[in-house]
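**Q** What follows is the file coords.pdb, containing PDB, C-alpha atoms and all ligand atoms:
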```pdb
ATOM      1  CA  MET A1363     -16.905   5.693  -7.112
ATOM      2  CA  GLY A1364     -16.400   2.159  -5.953
ATOM      3  CA  HIS A1365     -13.387   0.161  -7.082
ATOM      4  CA  VAL A1366     -10.296   2.239  -7.919
ATOM      5  CA  VAL A1367      -7.573   0.916 -10.218
ATOM      6  CA  VAL A1368      -4.103   1.611  -8.813
ATOM      7  CA  PRO A1369      -1.701   1.593 -11.789
ATOM      8  CA  ASP A1370       0.507  -1.494 -11.970
ATOM      9  CA  GLY A1371       4.155  -1.613 -12.963
ATOM     10  CA  HIS A1372       5.167   1.572 -11.142
ATOM     11  CA  PRO A1373       8.282   2.857 -12.978
ATOM     12  CA  ASP A1374      10.322   3.639  -9.866
ATOM     13  CA  LEU A1375       8.767   1.564  -7.147
ATOM     14  CA  LEU A1376      11.919   1.039  -5.101
ATOM     15  CA  GLU A1377      13.050   4.659  -5.402
ATOM     16  CA  THR A1378       9.637   5.774  -4.181
ATOM     17  CA  ALA A1379       9.823   3.336  -1.279
ATOM     18  CA  GLU A1380      13.318   4.475  -0.325
ATOM     19  CA  ARG A1381      12.293   8.130  -0.472
ATOM     20  CA  ARG A1382       9.329   7.526   1.800
ATOM     21  CA  TRP A1383      11.383   5.430   4.230
ATOM     22  CA  ALA A1384      14.074   8.126   4.376
ATOM     23  CA  ALA A1385      11.414  10.712   5.240
ATOM     24  CA  ILE A1386      10.090   8.499   8.049
ATOM     25  CA  ALA A1387      13.558   7.836   9.474
ATOM     26  CA  ASP A1388      14.209  11.575   9.321
ATOM     27  CA  ALA A1389      11.034  12.572  11.156
ATOM     28  CA  ARG A1390      10.992   9.613  13.546
ATOM     29  CA  PRO A1391      14.491   8.204  14.208
ATOM     30  CA  ASP A1392      12.909   5.806  16.725
ATOM     31  CA  LEU A1393      11.159   4.073  13.804
ATOM     32  CA  ALA A1394      14.466   3.187  12.090
ATOM     33  CA  PRO A1395      14.366  -0.490  13.202
ATOM     34  CA  ALA A1396      10.752  -0.814  12.045
ATOM     35  CA  VAL A1397      11.702   0.693   8.686
ATOM     36  CA  ALA A1398      14.630  -1.725   8.328
ATOM     37  CA  LEU A1399      12.322  -4.667   9.008
ATOM     38  CA  GLN A1400       9.729  -3.348   6.575
ATOM     39  CA  ARG A1401      12.378  -2.963   3.858
ATOM     40  CA  ARG A1402      13.233  -6.655   4.229
ATOM     41  CA  LEU A1403       9.598  -7.793   4.331
ATOM     42  CA  LEU A1404       8.714  -5.707   1.279
ATOM     43  CA  GLY A1405      11.611  -7.268  -0.621
ATOM     44  CA  LEU A1406      10.218 -10.717   0.177
ATOM     45  CA  MET A1407       6.728  -9.655  -0.913
ATOM     46  CA  LEU A1408       8.034  -8.336  -4.237
ATOM     47  CA  ASP A1409      10.022 -11.526  -4.875
ATOM     48  CA  LEU A1410       6.960 -13.583  -4.046
ATOM     49  CA  ALA A1411       4.759 -11.561  -6.400
ATOM     50  CA  THR A1412       7.310 -12.063  -9.205
ATOM     51  CA  THR A1413       7.387 -15.825  -8.585
ATOM     52  CA  ILE A1414       3.601 -16.093  -8.501
ATOM     53  CA  ALA A1415       3.174 -14.001 -11.644
ATOM     54  CA  ALA A1416       5.699 -16.210 -13.475
ATOM     55  CA  ARG A1417       3.884 -19.397 -12.428
ATOM     56  CA  GLY A1418       0.487 -18.032 -13.415
ATOM     57  CA  LEU A1419      -2.601 -17.485 -11.293
ATOM     58  CA  PRO A1420      -5.242 -20.124 -10.603
ATOM     59  CA  ARG A1421      -8.199 -20.194 -12.954
ATOM     60  CA  LEU A1422     -11.286 -19.315 -10.962
ATOM     61  CA  SER A1423     -14.725 -20.215 -12.161
ATOM     62  CA  LEU A1424     -16.487 -17.188 -10.718
ATOM     63  CA  PRO A1425     -19.049 -15.923 -13.244
ATOM     64  CA  PRO A1426     -19.351 -12.096 -13.252
ATOM     65  CA  LYS A1427     -23.105 -12.173 -12.688
ATOM     66  CA  TYR A1428     -22.699 -14.442  -9.674
ATOM     67  CA  LEU A1429     -20.052 -12.120  -8.198
ATOM     68  CA  ALA A1430     -22.171  -9.048  -8.938
ATOM     69  CA  ALA A1431     -25.072 -10.605  -7.021
ATOM     70  CA  LYS A1432     -22.775 -11.306  -4.063
ATOM     71  CA  LEU A1433     -21.497  -7.723  -4.041
ATOM     72  CA  ALA A1434     -25.052  -6.391  -4.202
ATOM     73  CA  ARG A1435     -25.750  -8.340  -0.965
ATOM     74  CA  GLY A1436     -22.673  -6.781   0.648
ATOM     75  CA  VAL A1437     -20.622  -9.980   0.454
ATOM     76  CA  PRO A1438     -17.016  -9.661  -0.788
ATOM     77  CA  VAL A1439     -16.303 -11.691  -3.918
ATOM     78  CA  PHE A1440     -13.760 -14.082  -2.375
ATOM     79  CA  ALA A1441     -15.793 -14.851   0.762
ATOM     80  CA  GLY A1442     -16.527 -18.564   0.909
ATOM     81  CA  GLU A1443     -14.854 -19.303  -2.443
ATOM     82  CA  PRO A1444     -12.288 -22.103  -2.625
ATOM     83  CA  ILE A1445      -9.170 -20.475  -4.061
ATOM     84  CA  PRO A1446      -6.275 -22.890  -4.600
ATOM     85  CA  LEU A1447      -3.147 -21.563  -2.909
ATOM     86  CA  PRO A1448       0.381 -22.213  -4.233
ATOM     87  CA  VAL A1449       1.352 -23.610  -0.826
ATOM     88  CA  PRO A1450       5.042 -24.506  -1.457
ATOM     89  CA  VAL A1451       5.810 -21.022  -2.825
ATOM     90  CA  LEU A1452       3.915 -19.176  -0.092
ATOM     91  CA  GLY A1453       5.323 -21.538   2.558
ATOM     92  CA  SER A1454       8.911 -20.755   1.696
ATOM     93  CA  THR A1455       8.178 -17.011   1.825
ATOM     94  CA  LEU A1456       6.452 -17.506   5.171
ATOM     95  CA  ARG A1457       9.606 -19.173   6.535
ATOM     96  CA  ALA A1458      11.775 -16.300   5.246
ATOM     97  CA  MET A1459       9.375 -13.828   6.849
ATOM     98  CA  CYS A1460       9.708 -15.618  10.188
ATOM     99  CA  ASP A1461      13.491 -15.190   9.900
ATOM    100  CA  ALA A1462      13.131 -11.487   9.028
ATOM    101  CA  LEU A1463      10.783 -10.931  11.960
ATOM    102  CA  ALA A1464      13.095 -12.868  14.300
ATOM    103  CA  ASP A1465      16.013 -10.612  13.308
ATOM    104  CA  GLY A1466      13.826  -7.504  13.288
ATOM    105  CA  GLY A1467      12.665  -7.537  16.890
ATOM    106  CA  ALA A1468      10.199 -10.406  17.272
ATOM    107  CA  GLY A1469      13.049 -12.709  18.349
ATOM    108  CA  GLU A1470      12.233 -16.180  19.583
ATOM    109  CA  ALA A1471       8.502 -15.749  19.111
ATOM    110  CA  ALA A1472       9.122 -15.701  15.342
ATOM    111  CA  THR A1473      11.756 -18.453  15.468
ATOM    112  CA  HIS A1474       9.271 -20.737  17.221
ATOM    113  CA  ILE A1475       6.751 -20.231  14.399
ATOM    114  CA  ARG A1476       9.373 -21.148  11.813
ATOM    115  CA  GLU A1477      10.276 -24.272  13.823
ATOM    116  CA  ALA A1478       6.630 -25.310  14.101
ATOM    117  CA  VAL A1479       6.275 -24.972  10.317
ATOM    118  CA  ASP A1480       9.577 -26.772   9.632
ATOM    119  CA  ASN A1481       8.840 -29.747  11.873
ATOM    120  CA  GLY A1482       5.254 -29.996  10.671
ATOM    121  CA  SER A1483       3.622 -29.421  14.051
ATOM    122  CA  MET A1484       1.839 -26.527  12.337
ATOM    123  CA  GLU A1485       0.675 -27.489   8.852
ATOM    124  CA  VAL A1486       1.505 -24.569   6.610
ATOM    125  CA  GLY A1487      -1.240 -25.256   4.035
ATOM    126  CA  SER A1488      -3.931 -25.107   6.715
ATOM    127  CA  LEU A1489      -2.452 -21.948   8.180
ATOM    128  CA  LEU A1490      -2.373 -20.193   4.791
ATOM    129  CA  ALA A1491      -5.918 -21.342   4.000
ATOM    130  CA  ALA A1492      -7.185 -20.032   7.361
ATOM    131  CA  SER A1493      -5.530 -16.680   6.640
ATOM    132  CA  LEU A1494      -7.122 -16.523   3.184
ATOM    133  CA  LYS A1495     -10.498 -17.237   4.808
ATOM    134  CA  ARG A1496      -9.738 -14.505   7.354
ATOM    135  CA  ASP A1497     -10.457 -17.046  10.080
ATOM    136  CA  GLN A1498      -8.959 -15.312  13.087
ATOM    137  CA  ALA A1499     -10.493 -17.749  15.560
ATOM    138  CA  ALA A1500      -8.940 -20.822  13.890
ATOM    139  CA  ILE A1501      -5.509 -19.215  13.724
ATOM    140  CA  ARG A1502      -5.728 -18.060  17.332
ATOM    141  CA  VAL A1503      -6.719 -21.502  18.612
ATOM    142  CA  GLY A1504      -4.096 -23.274  16.470
ATOM    143  CA  ALA A1505      -1.343 -20.942  17.631
ATOM    144  CA  THR A1506      -2.288 -21.064  21.303
ATOM    145  CA  HIS A1507      -2.405 -24.880  21.263
ATOM    146  CA  ARG A1508       1.167 -24.926  20.044
ATOM    147  CA  GLY A1509       2.404 -22.262  22.459
ATOM    148  CA  LEU A1510       2.916 -19.748  19.636
ATOM    149  CA  ALA A1511       2.155 -16.018  19.691
ATOM    150  CA  PRO A1512      -1.290 -15.772  17.995
ATOM    151  CA  ASP A1513      -0.880 -12.213  16.705
ATOM    152  CA  LEU A1514       2.479 -13.020  15.156
ATOM    153  CA  VAL A1515       1.158 -16.200  13.499
ATOM    154  CA  TRP A1516      -1.721 -14.134  12.100
ATOM    155  CA  LEU A1517       0.698 -11.466  10.829
ATOM    156  CA  VAL A1518       3.177 -13.807   9.174
ATOM    157  CA  ALA A1519       0.418 -15.767   7.398
ATOM    158  CA  GLU A1520      -1.171 -12.512   6.254
ATOM    159  CA  LEU A1521       2.152 -11.254   4.893
ATOM    160  CA  ALA A1522       2.642 -14.472   2.907
ATOM    161  CA  VAL A1523      -0.909 -14.726   1.505
ATOM    162  CA  GLY A1524      -1.440 -10.981   0.874
ATOM    163  CA  PRO A1525       0.727 -10.723  -2.283
ATOM    164  CA  PHE A1526      -0.999 -13.758  -3.797
ATOM    165  CA  LEU A1527      -4.463 -12.443  -3.045
ATOM    166  CA  HIS A1528      -3.473  -9.044  -4.356
ATOM    167  CA  LEU A1529      -2.604 -10.557  -7.738
ATOM    168  CA  VAL A1530      -5.778 -12.657  -7.835
ATOM    169  CA  GLN A1531      -7.845  -9.587  -6.928
ATOM    170  CA  ARG A1532      -6.211  -7.498  -9.644
ATOM    171  CA  GLY A1533      -6.608 -10.232 -12.209
ATOM    172  CA  LEU A1534     -10.305 -10.313 -11.515
ATOM    173  CA  PHE A1535     -11.133  -6.636 -10.881
ATOM    174  CA  ASP A1536      -8.878  -4.621 -13.139
ATOM    175  CA  ARG A1537      -9.867  -6.691 -16.111
ATOM    176  CA  ALA A1538     -13.527  -6.719 -15.148
ATOM    177  CA  GLU A1539     -14.618  -5.498 -18.568
ATOM    178  CA  ARG A1540     -17.698  -7.599 -18.281
ATOM    179  CA  GLU A1541     -20.510  -5.231 -17.521
ATOM    180  CA  ALA A1542     -22.121  -6.949 -14.529
ATOM    181  CA  LEU A1543     -19.046  -7.105 -12.307
ATOM    182  CA  ARG A1544     -17.822  -3.648 -13.285
ATOM    183  CA  THR A1545     -21.149  -2.061 -12.360
ATOM    184  CA  ALA A1546     -21.361  -3.927  -9.046
ATOM    185  CA  LEU A1547     -17.824  -2.819  -8.152
ATOM    186  CA  ASP A1548     -18.613   0.775  -9.069
ATOM    187  CA  GLU A1549     -21.604   0.641  -6.748
ATOM    188  CA  TRP A1550     -19.715  -0.862  -3.796
ATOM    189  CA  ALA A1551     -20.356   1.481  -0.863
ATOM    190  CA  ARG A1552     -19.198  -0.532   2.164
ATOM    191  CA  GLY A1553     -16.313   0.215   4.495
ATOM    192  CA  TYR A1554     -14.754  -3.245   4.029
ATOM    193  CA  CYS A1555     -12.894  -4.551   1.002
ATOM    194  CA  PRO A1556     -15.093  -5.768  -1.885
ATOM    195  CA  ALA A1557     -12.522  -8.477  -2.638
ATOM    196  CA  CYS A1558     -11.608 -10.022   0.703
ATOM    197  CA  GLY A1559     -13.782  -8.282   3.314
ATOM    198  CA  SER A1560     -10.902  -6.869   5.383
ATOM    199  CA  TRP A1561     -11.009  -3.369   6.823
ATOM    200  CA  PRO A1562      -8.760  -0.739   5.264
ATOM    201  CA  ALA A1563      -5.344  -0.097   6.796
ATOM    202  CA  VAL A1564      -5.628   3.584   5.913
ATOM    203  CA  ALA A1565      -7.436   5.972   3.612
ATOM    204  CA  GLU A1566      -5.088   7.546   1.075
ATOM    205  CA  VAL A1567      -6.258  10.958  -0.070
ATOM    206  CA  VAL A1568      -5.059  12.019  -3.511
ATOM    207  CA  ALA A1569      -6.388  15.255  -5.055
ATOM    208  CA  GLY A1570      -9.263  15.281  -2.579
ATOM    209  CA  HIS A1571     -10.328  11.692  -3.304
ATOM    210  CA  ARG A1572     -10.448   9.546  -0.165
ATOM    211  CA  THR A1573      -9.517   6.038  -1.269
ATOM    212  CA  LEU A1574      -9.756   3.192   1.226
ATOM    213  CA  ARG A1575      -6.860   0.717   0.999
ATOM    214  CA  CYS A1576      -7.335  -2.871   2.066
ATOM    215  CA  SER A1577      -4.975  -4.034   4.792
ATOM    216  CA  PHE A1578      -4.788  -7.539   3.286
ATOM    217  CA  CYS A1579      -5.021  -7.467  -0.526
ATOM    218  CA  ALA A1580      -4.193  -3.751  -1.073
ATOM    219  CA  GLY A1581      -7.506  -3.285  -2.894
ATOM    220  CA  ALA A1582      -8.641   0.329  -3.396
ATOM    221  CA  TRP A1583     -12.143   1.751  -3.334
ATOM    222  CA  GLU A1584     -13.874   5.065  -2.804
ATOM    223  CA  LEU A1585     -17.145   5.651  -0.993
ATOM    224  CA  PRO A1586     -19.931   7.963  -2.187
ATOM    225  CA  THR A1587     -20.370   9.493   1.277
ATOM    226  CA  TYR A1588     -18.104  10.982   3.918
ATOM    227  CA  ALA A1589     -19.143   8.927   6.937
ATOM    228  CA  CYS A1590     -17.775   6.435   9.458
ATOM    229  CA  ILE A1591     -16.627   3.446   7.380
ATOM    230  CA  TYR A1592     -17.657   1.035  10.141
ATOM    231  CA  CYS A1593     -21.176   2.153  11.072
ATOM    232  CA  ASP A1594     -22.046   4.811   8.476
ATOM    233  CA  GLU A1595     -22.442   7.533  11.124
ATOM    234  CA  ARG A1596     -22.307  10.892   9.357
ATOM    235  CA  GLY A1597     -23.585  13.264  12.033
ATOM    236  CA  GLU A1598     -21.841  15.004  14.917
ATOM    237  CA  PRO A1599     -20.362  11.856  16.508
ATOM    238  CA  PHE A1600     -18.186  11.447  13.387
ATOM    239  CA  VAL A1601     -15.214  13.827  13.367
ATOM    240  CA  THR A1602     -11.931  14.150  11.518
ATOM    241  CA  ALA A1603      -8.972  15.505  13.473
ATOM    242  CA  ALA A1604      -5.276  16.151  12.927
ATOM    243  CA  PRO A1605      -3.551  15.216  16.213
ATOM    244  CA  ASN A1606      -0.455  17.148  15.113
ATOM    245  CA  GLU A1607      -1.348  20.778  14.315
ATOM    246  CA  GLU A1608       1.675  21.063  12.023
ATOM    247  CA  ARG A1609       0.723  18.040   9.978
ATOM    248  CA  LYS A1610      -2.785  18.559   8.682
ATOM    249  CA  ASP A1611      -2.004  16.092   5.888
ATOM    250  CA  ARG A1612      -2.231  13.262   8.420
ATOM    251  CA  ARG A1613      -5.601  12.899  10.070
ATOM    252  CA  VAL A1614      -7.704  10.445  11.934
ATOM    253  CA  GLU A1615     -11.434   9.887  11.485
ATOM    254  CA  LEU A1616     -13.067   9.161  14.837
ATOM    255  CA  CYS A1617     -16.565   7.881  15.479
ATOM    256  CA  SER A1618     -18.015   8.036  18.962
ATOM    257  CA  THR A1619     -21.068   6.030  17.889
ATOM    258  CA  CYS A1620     -19.122   2.800  17.245
ATOM    259  CA  GLY A1621     -15.745   3.738  18.771
ATOM    260  CA  GLY A1622     -13.904   3.090  15.507
ATOM    261  CA  TYR A1623     -11.081   5.093  13.928
ATOM    262  CA  LEU A1624      -9.495   5.313  10.513
ATOM    263  CA  LYS A1625      -6.181   6.898   9.615
ATOM    264  CA  THR A1626      -6.062   9.150   6.558
ATOM    265  CA  ILE A1627      -3.000  10.489   4.816
ATOM    266  CA  ASP A1628      -2.605  12.948   1.919
ATOM    267  CA  LEU A1629      -0.343  11.651  -0.838
ATOM    268  CA  ASP A1630       0.677  12.645  -4.390
ATOM    269  CA  GLU A1631      -0.373   9.234  -5.684
ATOM    270  CA  LEU A1632      -1.995   6.072  -4.356
ATOM    271  CA  SER A1633       0.584   3.624  -3.023
ATOM    272  CA  PRO A1634       1.198   0.843  -5.520
ATOM    273  CA  PHE A1635       1.477  -2.691  -4.118
ATOM    274  CA  PRO A1636       3.266  -3.366  -1.747
ATOM    275  CA  LEU A1637       4.028   0.217  -0.732
ATOM    276  CA  LEU A1638       0.741   0.567   1.102
ATOM    277  CA  ALA A1639       2.547  -0.887   4.121
ATOM    278  CA  ILE A1640       4.631   2.297   4.165
ATOM    279  CA  SER A1641       1.519   4.467   4.567
ATOM    280  CA  ASP A1642       0.632   2.301   7.531
ATOM    281  CA  ILE A1643       4.007   2.603   9.265
ATOM    282  CA  GLU A1644       4.174   6.327   8.398
ATOM    283  CA  THR A1645       1.070   6.877  10.496
ATOM    284  CA  THR A1646       1.723   4.744  13.582
ATOM    285  CA  ASP A1647       1.527   7.862  15.766
ATOM    286  CA  LEU A1648      -2.081   8.276  14.605
ATOM    287  CA  ASP A1649      -2.877   4.745  15.839
ATOM    288  CA  VAL A1650      -1.355   5.665  19.184
ATOM    289  CA  ALA A1651      -3.295   8.945  19.393
ATOM    290  CA  ALA A1652      -6.600   7.269  18.514
ATOM    291  CA  MET A1653      -6.094   4.370  20.914
ATOM    292  CA  GLU A1654      -5.068   6.701  23.727
ATOM    293  CA  HIS A1655      -8.485   8.305  23.343
ATOM    294  CA  GLY A1656     -10.197   4.937  23.574
ATOM    295  CA  TYR A1657     -10.867   4.352  19.885
ATOM    296  CA  GLY A1658     -10.140   1.047  18.193
ATOM    297  CA  ARG A1659     -10.588  -0.948  15.020
ATOM    298  CA  PRO A1660     -13.467  -3.404  14.987
ATOM    299  CA  ALA A1661     -13.017  -7.151  14.483
ATOM    300  CA  LEU A1662     -13.089  -8.535  10.979
ATOM    301  CA  LYS A1663     -16.545  -9.106   9.613
ATOM    302  CA  ASP A1664     -17.690 -12.701   9.394
ATOM    303  CA  PHE A1665     -19.159 -13.659   6.027
ATOM    304  CA  SER A1666     -19.225 -17.397   6.631
ATOM    305  CA  VAL A1667     -23.012 -17.509   7.039
ATOM    306  CA  LYS A1668     -24.042 -15.035   4.373
ATOM    307  CA  GLY A1669     -21.373 -16.068   1.832
TER     308      GLY A1669
HETATM  309 ZN    ZN A1701      -8.937  -6.868   0.368
HETATM  310 ZN    ZN A1702     -18.838   4.430  13.529
END
```
The structure in this file should be written as structure tokens.

**A**
Amino acid sequence: MGHVVVPDGHPDLLETAERRWAAIADARPDLAPAVALQRRLLGLMLDLATTIAARGLPRLSLPPKYLAAKLARGVPVFAGEPIPLPVPVLGSTLRAMCDALADGGAGEAATHIREAVDNGSMEVGSLLAASLKRDQAAIRVGATHRGLAPDLVWLVAELAVGPFLHLVQRGLFDRAEREALRTALDEWARGYCPACGSWPAVAEVVAGHRTLRCSFCAGAWELPTYACIYCDERGEPFVTAAPNEERKDRRVELCSTCGGYLKTIDLDELSPFPLLAISDIETTDLDVAAMEHGYGRPALKDFSVKG
């Protein structure tokens, strides 16, 4: 239980992605434009990950025992830690992502973000740092002040920082041979990511194992109990339903105690980075079904006090 290692260096990553995209376009022709945009964004994320890996990751002085103590208090390891960001590299990917989003349906709203970054009215280093800190309020205020679409600013920063944080997370967790951190990760039993504190995008179920997948850093972890990931409800108010009778492999966990929902999808293997985004787009109808019934996803947790 706890942290799950998703194998790196998938032998046929792009073939797998293309196969999954083809299946989506087949089942949902209306999603073709979204798939085309995702193909372009995923290409940028892969290029970024290659660039970051070649440059090397920052050296973090985070002693395993210190991190284990944080995890034991329910605080994700990166919360409140200063992690140096490779701003020029991430900034140029962020600009390219604005262009992709502009072409892919976001139009001028995305172009305006790129312009604000280019002319310096929005400082890209601050934006990326706020995204890393998961500071939704700061990004919202900064965007609104500049007449930019807050949700799109949040998204584009998240897309640029996510691949970096993914690599930092893997560097720390997958090689956590040191006893203290390994044990604390194995014991992690919260619904939010032990690395960055974000909620999962989906739960991927492989061979009966329900693995939560972080929407930001693609982290993977399994819980010891089958309960609402947001409020731990495990009684009658917590139900799992398949909105489409024909597709029992795609379900949604609903909790009437807290009003939260979580999408779950059966797969042959856990999605390697950055293919998790495909599981998310594959299940957009589940988001719609859950929201139509009044369920939602809670706000990000704030660790700024406890961290
Ligand atoms: Zn995470
Ligand atoms: Zn709940």

**Q** Which residues, named as in the file, does the PyMOL selection byres (((chain A and resi 1414-1416) around 9) and not hetatm) pick out? Answer as an MDAnalysis selection string.

**A** chainID A and resid 1409:1413 1417:1419 1448 1451:1452 1525:1526 1529

**Q** When the PyMOL selection byres (((chain A and resi 1421-1437) around 6) and not hetatm) is applied to the file above, which residues end up in the set, as an MDAnalysis selection string?

**A** chainID A and resid 1420 1438:1439 1542:1543 1546

**Q** Please extract the residues at most 6 Å from ligand ZN 1701 (chain A), counting only C-alpha atoms and all ligand atoms, and provide them as a list of chain:residue names, using the chain letters and residue numbers of this document.

**A**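 Using only C-alpha atoms and all ligand atoms, I find these residues within 6 Å of ligand ZN 1701 (chain A): A:Cys1555, A:Ala1557, A:Cys1558, A:Gly1559, A:Ser1560, A:Cys1576, A:Phe1578, A:Cys1579, A:Ala1580, A:Gly1581.
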
**Q** May I have the residues within 9 Å of ligand ZN 1702 (chain A), computed using all atoms listed in the file, as JSON, numbers by chain?

**A** {"A": [1589, 1590, 1591, 1592, 1593, 1594, 1595, 1596, 1599, 1600, 1616, 1617, 1618, 1619, 1620, 1621, 1622, 1623]}

**Q** Assuming the chain letters and numbering stay as they are in my file, what does the PyMOL selection byres (((chain A and resi 1462) around 12) and not hetatm) actually select? List them as a PyMOL selection string.

**A** chain A and resi 1395-1396+1398-1407+1455-1461+1463-1473+1476+1518+1521

**Q** Which is closer to Val1568 of chain A than all the others in A:Tyr1657, A:Arg1508, A:Val1523, A:Glu1631, using all atoms listed in the file?

**A**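 When distances to Val1568 of chain A are compared using all atoms listed in the file, the smallest one comes from A:Glu1631.
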
**Q** Have a look at atom CA of Met1363 of chain A and atom CA of Pro1660 of chain A and let me know their distance in Å, one decimal.

**A**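 Interatomic distance, atom CA of Met1363 of chain A to atom CA of Pro1660 of chain A: 24.1 Å.
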
**Q** To test the calculation: enclose all listed atoms of segment 1566-1580 of chain A in a box whose edges run along x, y and z, add 4 Å on each side, then state centre and edge lengths in Å to one decimal, as JSON.

**A**
```
{"center_x": -7.3, "center_y": 3.9, "center_z": -0.1, "size_x": 14.3, "size_y": 30.8, "size_z": 17.8}
```

**Q** Wanna dump the segment 1567-1659 of chain A-segment 1364-1385 of chain A contacts at 6 Å for me, each residue with its shortest atom pair and the distance in Å to one decimal, counting only C-alpha atoms, ordered by chain and number, as CSV?

**A**
```
residue,atom,partner,partner_atom,distance
A:Ala1582,CA,A:Val1366,CA,5.2
A:Trp1583,CA,A:His1365,CA,4.3
A:Glu1584,CA,A:Gly1364,CA,5.0
```

**Q** Between atom CA of Phe1635 of chain A and atom CA of Ala1652 of chain A, what is the distance in Å, rounded to a tenth?

**A**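 Taking atom CA of Phe1635 of chain A as the start and atom CA of Ala1652 of chain A as the end point, the length is 26.0 Å.
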
**Q** Kindly indicate which residue among A:Ser1483, A:Leu1393, A:Met1653, A:Ala1522 lies nearest to Gly1504 of chain A, using all atoms listed in the file for the distances.

**A**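 Under the stated criterion, the closest residue is A:Ser1483.
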
**Q** Just checking: using all atoms listed in the file, which residue out of A:Ile1640, A:Ala1604, A:Ala1563, A:Ala1478 ends up closest to Gly1509 of chain A?

**A**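 So, comparing all the options, the nearest one is A:Ala1478.
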
**Q** Measuring between all atoms listed in the file, which one of A:Ser1493, A:Thr1602, A:Ser1641, A:Ser1666 shows the shortest distance to Val1397 of chain A?

**A** A:Ser1641

**Q** As an exercise, work out the distance from atom CA of Ile1386 of chain A to atom CA of Asn1606 of chain A in Å and give it to one decimal place.

**A** 15.4 Å

**Q** List every protein, DNA or RNA residue that has at least one atom no more than 8 Å from (-7.9, 16.6, 7.9) in the file's coordinates, counting only C-alpha atoms, and write the result as a ChimeraX atom specification.

**A** /A:1602-1604,1610-1614,1626

**Q** Find, counting all atoms listed in the file, the residue in A:Glu1607, A:Asp1628, A:Asp1647, A:Glu1520 that gets nearest to Leu1489 of chain A.

**A**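 The closest residue to Leu1489 of chain A is A:Glu1520.
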